[in-house]
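Some notes on the structure that comes next.
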Amino acid sequence: MESDPPAIVETVRVEVDVAHVQALSHTEQFDVAEYVVVRRDTPLPVQLLSKAAVEVEKVVLTHTSGNEVRVDAVYKGTSGEVELALPVTTPIGVYQLTLCGRAEERTFQAQLKQKVFVLFNAWSKNDSAFIDGDEVRQEYVLKSDCRLYVGDLTGMPWNLALYRPDTLRAIALLLSASSLKFQQLADPIHVSRDLSGLVNEKVVEGRWDSTYAGGRSPTFWRGSGQILQQYYNSHGSAVKYGQCWVYSGVFLTVLRVLGLPSRSITNFNSAHDTNRNRTVDQYYNDKGEEVEYLSTGKDTIWNFHCWNEIYIGRPDLHPGFEGWQVVDATPQEESPHGGGYCTGPTSLKAVKEGHSVNYDTDFVIAEVNADVKKYMLEDGAPRLFQVDTSTVGKDISTKAVGSDQRVDVTDSYKYPDGSDQERNALYSNYKELVESNYELSFHVPLVSHTPGSDIALEVHTTNTGGKRPVEVVGHVTCSAVMYTGKILKGVDKRVVQQRVSPKATEVIKMGAGERIFTEFPGERAYLMFDILLAHSGGTQVFEHKVYVGPTAPRMEVTLSPSSRLGLGEEAKVTIQFTNPLPFKMEAVSLNVENDNLLHEDLVHEIGDIGANATIYYNFNVIGLKIGTFRLVVGLGSDHVQLVTGEAEVMVTGGREGTDGPVSMMQLIMAGGGKEPQESLSIMDSITGVDLNTTANRRAHQTDRYDSGGLIVRRGRPITFFLLLGRSLPSGTKFTSRATFNLGTRSLSKKHHSFQLDASSVVEGNKIRIELSTPSDAPIGRCFGAQYHYGTQGAQYHYGTQGAQYHFVWYYVVLTLDRGGHVMVVEKNIDIILLFNPWCNADACHYRGSAGDLDEYILSTVGHLWTGTAESSCGRPWQHSQFMKDTLEVSLSLLDQMKESSFDPVKVSQYFAARVTSRDGHGILMNSGSGDYSRGKSPHSWVGSAQVLSEYRKSRSPVKYGQSWVASGLLTTLLRSIGIPTRSVTIYGSACSSVGKDIVQYFTEDGREVPSPTSVWPFHVLNEVYIARDDLPKGFGGWQVLDSSPQQEGERGTRGLPLGPAPQLAVKRGLGMRHNAERISGLANGLVRCYLIHGDKSLTLADVDPSLVGKKVCTKAVGMANRGGVAPHDITVDYKDGSSRAPLSSTTELTLSLGVADDVVIGNSLPVKATLTNVATGSVQCKVLLTGQASAHPGDHGRVLRCSLNQSVVLEAGQVKELELSVEPGDYLWNTGGEGFLKFVAMAVVNEGGATKGCLVTSRSVRVKTPDIAIDIPTGALHLYKPAVVKVKFANTLGRRLTNGTFHLFGGGHVLDTEQSVGPVSPWSLTEAILETVPLKKGQFHVVVRFTSDQLGDLIGHMQLEVLD
């Protein structure tokens, strides 16, 4: 008999003394409420609390993956203490601890309320992560700060934030993303290798193109805390942006938290060997330019590269390869050992000895010891002219144990350059490749940069031959480069031609101004001098590169009254920095990260610092924990990066710590470094701000938005006023600057900042400010517009003469330039910034007729064309782009964008991806099943307002839509943010996931076989008008964008949008970005029809180019006339006009299909197939005529009940007509409303019992619902006066309609209303009176919809005008 399952006995609880347990594991500094942090192979004592005697039978740790670890336990009787022993093989990660046993003769199951976070154990000799020495473990496992050597040997302090609560939570989240098997989590080899890829892929987004919009420049960060906190708070979204030192710092935090002894390493002159041959191959042309020659890519040498080392055992390798191992979270190439982009662990011993063992050894060997082989391309063929064996792998550096000193570990990676051991380690059989007995010697003295001075290079050329003069020719090139060697800008190039006398030395000089370092916002640029000189009469060639990096200026950090604090005591921190440049530093920001001295990170946007000016910045710190801590302050700007100051702060025992955030005290800007002595009383006279909203919105054509506040378009002036409590001298002018922060106010979600100049002047008791946002500014919610003002002259004197006064609105800074003192007040200003198609410099500038923007931006009335090419149907669509819900959805999407919102290409693509998404996060859920029972039919929507309002309420995809609904929504959303947009319909739209052409298969009985390719009666997509600066000239203008693609996008995921692709590229079928060629296939292509025989063989029936792209149309510009709207045909913009003749497998017959363009539901439909014998003799054939009914494009539908199958013999010249009558009963069972009937006629020519040829032709017929007629008996509508709308329709269904309701939608111009009607008899005329009230003036479309149980939605519409 089976025993009863464990029952939870409420009187048995399990608790743990967290402080005691974590002290046993050396994890006492972790303080995370939901976790007990322990190291494996360490005792874990817990306490069982029970009123009865307890017997523990089983202890289980259940991992978050669901796997279990059985734990040995010793129960100490009445004390209730249970000592658990975690096996040394326990996989790391998060567990639930459960104790099972018996109490009071009942089974119990008690769970620890906290989760147990298990780490590697560097203190246990049984653990493969063991490292000997307390001081070493203190440094490499427990220490929460380090130094990163970023471009020089001074070392930049980095806050690892090991013990910040969100750090541990972020690492738990990261581990949940691992694909490792459970047991692999016990092995530091697998864990470190997997994490090297995960940190790169999941935690930090790398960027090396000097464009950091939408995030922070890599030089902004001074620690891992902010990054991991943002990663955790965003539920796993990668933080923007990082480069190798950021990856190394973050990875070091992850490794140490997990218990792996680890350190950061910097390799100077680090090689990137793309083809893994342990050499860097460089190729030069006769102009002295380095060029790419091999198809594997260009080998490069980075100024420096940062990675990490971990100290672990290597049981997978021979003895001797354990110890320090390289792991790199900036993998530059895909690993040949599997695992994608990851590097390591790579044994240092294997690297030094040149052994190719797991993992990635050859790549690391090349990074630290590659030979640089230099080739001259002569007639396209390379000639080796120089081998440099000592350039790569210099000053390999890490921080010393127990101090901030740098330790050179180069000898751990390689033997001395040039030694036999080093040569043999690099090559098993090395030899000198280039002779070195030459007449010339070259010497380049060391070049360095001193802040405030230019850079000078000298090249000394000496003729050592002593017999004859030597002619030297070549080039010296100066470029601005990234630390990876990527060229940012050419600076100077000099052609060298000099004569060097015997035993003489000639000097070549070249210089560059230090301002070149500041020309690349957010990027730490270097100067590269590339010297290529040659003996004009011999074979000697000399090439040498010299890199000069900017020297970061000093920043002083001092504490008062002392750097020694008691617990809970505060100290004032003063930061002093002098701009060493002869021009102002712009967009200066301050970043302070410390978990032991600040309640929260401090980030402040300072603004600009004038040439040679000094700033002082004060804030408070507080002793939150006992110990000695490093306070690291980072200062960065568009011009100078990696300015860092630091101070050591000791916190001793004292009064209890205080709660609440540490606030910023004051910001002081002064000339000469002296603090002003007097404050300014003028701050008390500023009473508020007038945003001049009405005038600004009228000027920016945003006055129709329902949302309140200041809504403006970029690239156009904005005028507002500061209100003063008293008058100042009129005409006083100020120099001004504004800083806009884009996105939410949370630091971790902040998107972008930009600055601009403004003009300001006093007008009595207010200051008028006029500024223009850049025409390429990111759009969205701008908060914290910071304004800086400086007076011209000294028109008034309040406080200190010449002082500068600084006022802060909520993230809004005002500066009155009078000399030195700063005061801070807080208010709140928000601005919504949109694209500006009226601005010539905006990427959305519309270059057609200015009046067209009334349609493509301002018009709220649209028409979406559905049906067939022969019977098109213009569905009215209320865009409601000025509705509050619409703008809120658009702004929310902009907030969620991972890329900056300044580029309408990226914005439109992102919006298209979010309109219809298959991952549950889109606005609209498309359905092709025909079953709409869980939502609304796509036919029921008449405008975007309904969909967006429902989406905002539910925050889940609205059910259901199809291509025309998605297109209408996208037009609405993009118009709401200022992108000219229109909906476009392609009739005869090709749907293929396997190529451009369509292949259709038919059985011998005439049935079409479903296939991955088909031709839809119609498909609705969008066009956006954008200048395409990213493409060659001529491809701007209308861009095609498909939010509900019929096939996969370029990234291989069905449902991702196609486009935006230039209309011209679509027409020409060009393979441009964003799937231009695939979009071209929607309107251009062939239809190939095959007959499937019984033996599965195929016969090509015919090829017809006329079925795809029959017509492409959009709504014409302008309001609709009372009689309706005609489509504007733009087929010529999609098709190149070249005609391709149909191909046929037989020339003996012609086959045509005659059928009406449409049929009103409930009516009969005759279908006629006509065969003509054009041969000279008789032809025997079988004719098949079949049909199928479908509810929407792309639905294969179901076969009609009626069909025709007849054998005929046609004499020469004979014409034969075969007719099929389709009755309502044949299709009503499948189509209860709008839909399609597709008819296929096939003629199979037989000769001698075998198939000789086959013809196939098809036609689609639109099934129409009855139209609703609308009438206004009074003939006019007047604002706020009740009005009557008369509606009627004829029931053609032949069935009784029940639960009928008329719905009236006015798009906000009139009150929406509805009216139920009684049962509607077959073939009867139904009328109703709808009462409404006009709410807005102007022209608009009213839409009336009728719903019932039996018939699909009926639609009627009419253009109306509301008068005063």
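Quick note on naming: the chains in the structure tokens go A, B, ... in the order shown, residues restart at 1 in each chain, and ligands are numbered from 1 in order of appearance.
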
Q: Would you mind writing down, as a list of chain:residue names, each residue of range 59-222 of chain A that DSSP on the backbone assigns to alpha helix (DSSP H)?
A: A:Asp134, A:Glu135, A:Val136, A:Arg137, A:Pro165, A:Asp166, A:Thr167, A:Leu168, A:Arg169, A:Ala170, A:Ile171, A:Ala172, A:Leu173, A:Leu174, A:Leu175, A:Ser176, A:Pro188, A:Ile189, A:His190, A:Val191, A:Ser192, A:Arg193, A:Asp194, A:Leu195, A:Ser196, A:Gly197, A:Leu198

(Q) Neighbouring residues of range 1248-1258 of chain A were defined as those with any atom within 9 Å, considering only C-alpha atoms; residues of the same chain fewer than 4 positions away were excluded. Please report them as a VMD selection string. (A) chain A and resid 1089 to 1091 1099 to 1102 1104 1107 1144 to 1147 1149 to 1153 1181 1238 to 1244

**Q.** DSSP-assigned strand (DSSP E) among range 42-102 of chain A, expressed as an MDAnalysis selection string
**A.** chainID A and resid 43:49 54:63 68:70 72:75 81:85 93:102

Q: Could you please determine the separation between CA of Val1362 in chain A and CA of Ile857 in chain A in Å, to one decimal place?
A: 21.3 Å

**Q.** All residues 8 Å or closer to Glu1234 in chain A, only C-alpha atoms, same chain fewer than 3 positions away omitted, as an MDAnalysis selection string
**A.** chainID A and resid 1161 1191 1231 1262:1265 1352:1353

Print the selection's residues with all heavy atoms to a file, as a PDB file, in the first residue's frame.
```pdb
ATOM      1  N   ILE A1161     -24.423  39.311 -52.018  1.00  0.00           N
ATOM      2  CA  ILE A1161     -24.685  38.087 -51.286  1.00  0.00           C
ATOM      3  C   ILE A1161     -26.168  37.719 -51.364  1.00  0.00           C
ATOM      4  O   ILE A1161     -27.059  38.573 -51.256  1.00  0.00           O
ATOM      5  CB  ILE A1161     -24.224  38.228 -49.820  1.00  0.00           C
ATOM      6  CG1 ILE A1161     -24.190  36.878 -49.123  1.00  0.00           C
ATOM      7  CG2 ILE A1161     -25.055  39.233 -49.050  1.00  0.00           C
ATOM      8  CD1 ILE A1161     -23.452  36.894 -47.812  1.00  0.00           C
ATOM      9  N   ALA A1191     -13.295  33.620 -46.806  1.00  0.00           N
ATOM     10  CA  ALA A1191     -13.755  34.792 -46.067  1.00  0.00           C
ATOM     11  C   ALA A1191     -12.805  35.980 -46.188  1.00  0.00           C
ATOM     12  O   ALA A1191     -13.203  37.107 -45.922  1.00  0.00           O
ATOM     13  CB  ALA A1191     -13.943  34.429 -44.593  1.00  0.00           C
ATOM     14  N   THR A1231     -19.731  31.597 -46.660  1.00  0.00           N
ATOM     15  CA  THR A1231     -19.520  33.039 -46.662  1.00  0.00           C
ATOM     16  C   THR A1231     -20.764  33.727 -46.125  1.00  0.00           C
ATOM     17  O   THR A1231     -21.772  33.814 -46.820  1.00  0.00           O
ATOM     18  CB  THR A1231     -19.211  33.547 -48.083  1.00  0.00           C
ATOM     19  OG1 THR A1231     -18.099  32.809 -48.577  1.00  0.00           O
ATOM     20  CG2 THR A1231     -18.884  35.015 -48.092  1.00  0.00           C
ATOM     21  N   ARG A1262     -15.702  39.140 -56.016  1.00  0.00           N
ATOM     22  CA  ARG A1262     -16.001  39.702 -54.702  1.00  0.00           C
ATOM     23  C   ARG A1262     -17.459  39.435 -54.346  1.00  0.00           C
ATOM     24  O   ARG A1262     -18.369  39.705 -55.140  1.00  0.00           O
ATOM     25  CB  ARG A1262     -15.730  41.200 -54.701  1.00  0.00           C
ATOM     26  CG  ARG A1262     -16.140  41.923 -53.442  1.00  0.00           C
ATOM     27  CD  ARG A1262     -15.922  43.414 -53.586  1.00  0.00           C
ATOM     28  NE  ARG A1262     -16.634  44.152 -52.559  1.00  0.00           N
ATOM     29  CZ  ARG A1262     -17.198  45.327 -52.718  1.00  0.00           C
ATOM     30  NH1 ARG A1262     -17.124  45.927 -53.909  1.00  0.00           N
ATOM     31  NH2 ARG A1262     -17.832  45.926 -51.731  1.00  0.00           N
ATOM     32  N   VAL A1263     -17.665  38.906 -53.155  1.00  0.00           N
ATOM     33  CA  VAL A1263     -19.015  38.735 -52.622  1.00  0.00           C
ATOM     34  C   VAL A1263     -19.336  39.975 -51.803  1.00  0.00           C
ATOM     35  O   VAL A1263     -18.688  40.251 -50.791  1.00  0.00           O
ATOM     36  CB  VAL A1263     -19.122  37.468 -51.754  1.00  0.00           C
ATOM     37  CG1 VAL A1263     -20.528  37.337 -51.180  1.00  0.00           C
ATOM     38  CG2 VAL A1263     -18.760  36.243 -52.564  1.00  0.00           C
ATOM     39  N   LYS A1264     -20.312  40.741 -52.264  1.00  0.00           N
ATOM     40  CA  LYS A1264     -20.639  42.025 -51.628  1.00  0.00           C
ATOM     41  C   LYS A1264     -21.811  41.863 -50.669  1.00  0.00           C
ATOM     42  O   LYS A1264     -22.703  41.049 -50.879  1.00  0.00           O
ATOM     43  CB  LYS A1264     -21.022  43.062 -52.691  1.00  0.00           C
ATOM     44  CG  LYS A1264     -19.935  43.393 -53.674  1.00  0.00           C
ATOM     45  CD  LYS A1264     -20.447  44.244 -54.834  1.00  0.00           C
ATOM     46  CE  LYS A1264     -21.157  45.510 -54.358  1.00  0.00           C
ATOM     47  NZ  LYS A1264     -21.568  46.334 -55.519  1.00  0.00           N
ATOM     48  N   THR A1265     -21.794  42.641 -49.631  1.00  0.00           N
ATOM     49  CA  THR A1265     -22.971  42.781 -48.773  1.00  0.00           C
ATOM     50  C   THR A1265     -23.753  43.995 -49.245  1.00  0.00           C
ATOM     51  O   THR A1265     -23.215  44.881 -49.930  1.00  0.00           O
ATOM     52  CB  THR A1265     -22.549  42.956 -47.308  1.00  0.00           C
ATOM     53  OG1 THR A1265     -21.600  44.020 -47.215  1.00  0.00           O
ATOM     54  CG2 THR A1265     -21.920  41.679 -46.768  1.00  0.00           C
ATOM     55  N   GLY A1352     -22.757  39.145 -42.207  1.00  0.00           N
ATOM     56  CA  GLY A1352     -21.578  39.903 -41.829  1.00  0.00           C
ATOM     57  C   GLY A1352     -21.851  41.387 -41.796  1.00  0.00           C
ATOM     58  O   GLY A1352     -22.897  41.867 -42.243  1.00  0.00           O
ATOM     59  N   ASP A1353     -20.926  42.160 -41.256  1.00  0.00           N
ATOM     60  CA  ASP A1353     -21.137  43.594 -41.076  1.00  0.00           C
ATOM     61  C   ASP A1353     -21.419  44.283 -42.408  1.00  0.00           C
ATOM     62  O   ASP A1353     -20.714  44.074 -43.400  1.00  0.00           O
ATOM     63  CB  ASP A1353     -19.900  44.230 -40.440  1.00  0.00           C
ATOM     64  CG  ASP A1353     -19.646  43.693 -39.047  1.00  0.00           C
ATOM     65  OD1 ASP A1353     -20.608  43.260 -38.405  1.00  0.00           O
ATOM     66  OD2 ASP A1353     -18.483  43.714 -38.606  1.00  0.00           O
TER      67      ASP A1353
END
```

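Near Arg847 in chain A, within 12 Å and counting only C-alpha atoms, sit A:Pro837, A:Trp838, A:Cys839, A:Asn840, A:Ala841, A:Asp842, A:Ala843, A:Gly851, A:Asp852, A:Leu853, A:Pro980, A:Tyr1025, A:Ile1026, A:Ala1027, A:Gly1036, A:Gly1037, A:Trp1038; same-chain residues fewer than 4 positions away were not included.
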